[in-house]
Amino acid sequence: MGGCCGQNGDVPTTLEPVRVEEPDVDEALANDKPWVVIVWNDPINLMSYVTYVLKSLFGYSDDKATALMLDVHHKGKAAVAHGNREEAEMHVFRLHEHSLWASMEHDV
Amino acid sequence: MSRPNFVPPVERVVNRDVDPLGTFDDGAGPKFRLNFEPEERELLIRLLGEMKDLLTAEVTEVTAPLLHRLFPPAFRDDPEKEAEYQRLMREELVTSRVVSVELVTAMLTADPDTGRLADLSKPDTMAFMQSLNAVRLVLGTMLDITDDDSAEQADMDDSHEFQLYGYLGWLLEWTVQSLSETA
């Protein structure tokens with residue numbers, strides 16, 4: 001629920017406020033679209049470190065974390081997690097805490 | 001972070017007869033012991049202190065690329081969402097990094113009575129790894145290691161700064177391996 005245009009108490013209403021809310025609904029739907037968390041290649045972080053961080057943050061197996069790290073290294077980036085906006089933001093935050101070059105975008 | 005003028009003990013490190021990070025189990029889970037010379041501890045404490053200052057430093061020509069690397073954008077193509085993310089998360093990320101730096105600085109400070117460092121738990125050691133990595137990242141950014149070619153060149157450069165970068169990488173690798181080998 002946004003901060004504006006909500007409950008109107010005893011103020012007489014017109015049709016306009018209803019229309020104003022429509023973009024908020026679209027926005028909410030857009031935010032419900034799944035997000036993907038990307039880790040980008042960088043030349044400083046050690047390969048072993050990146051693998052270990054992916055294992056410890058996401059509980060991935062050695063094989064899966066290594067495969068993702070190699071994707072980052074060779075292809076320049078890898079999708080390491082998916083989720084709604086809130087989940088993806090938390091993943092990005094924790095990756096940033098570990099100094100990985102992470103961002104998020106809408107899943108396609 | 002100022003340009004370090006310390007000569008890292010790389011030669012001695014390579015020939016040292018004790019691992020920099022020892023692992024053992026005292027029955028209550030894995031424990032880690034840092035086997036550092038006093039000068040190594042002082043070096044790391046100084047670098048951590050400089051990074052702590054950097055975390056809350058003003059954005060200048062010098063600090064901007066370093067801060068950008070410590071606080072990268074979460075939304076690359078959406079300035080509005082990015083501004084919101086920075087507004088909500090930046091301070092939390094600063095705090096998280098500062099807490100970790102302070103914890104690790106305490107770990108590297110010897111007990112005044114025994115002259116020894118306390119043994120570390122696994123979460124302690126992960127915090128050590130995280131801060132060590134951040135220090136190395138800042139130094140690497142200062143040294144313009146921006147692609148895989150410059151990273152390879154860094155391996156061959158034997159100036160003090162690149163030696164320090166190599167030393168931090170070596171220590172980090174040890175830490176990651178030690179952590180990986182424990183359940």
# chains A, B, ... in the order shown; residues from 1 in each chain; ligands from 1
$ interface_residues --of "chain B" --to "chain A" --cutoff "9 Å" --atoms "only C-alpha atoms" --output "PyMOL selection string"
chain B and resi 69-77+85+89+93-94+96-97+129-131+133-134+136-137+140-141+145-151+169+172-173+176-177+179-180
$ select_by_dssp --residues "stretch 112-148 of chain B" --states "helix (DSSP H, G or I)" --output "list of chain:residue names"
B:Lys122, B:Pro123, B:Asp124, B:Thr125, B:Met126, B:Ala127, B:Phe128, B:Met129, B:Gln130, B:Ser131, B:Leu132, B:Asn133, B:Ala134, B:Val135, B:Arg136, B:Leu137, B:Val138, B:Leu139, B:Gly140, B:Thr141, B:Met142, B:Asp148
$ residues_around --residues "B:Phe128" --least-positions-apart "4" --cutoff "12 Å" --atoms "only C-alpha atoms" --output "MDAnalysis selection string"
(chainID A and resid 98) or (chainID B and resid 21 32:34 44:45 48 97 99:108 120:124 132:135 168 171:172 174:176 179)
$ atom_distance --atom1 "atom CA of A:Ala78" --atom2 "atom CA of A:Val36"
9.8 Å
$ closest_residue --among "B:Ala154, B:Leu55, B:Leu66, B:Leu117" --to "B:Arg90" --atoms "only C-alpha atoms"
B:Leu55
$ closest_residue --among "B:Ala83, B:Leu139, B:Leu164, B:Ala110" --to "B:Pro65" --atoms "only C-alpha atoms"
B:Leu139
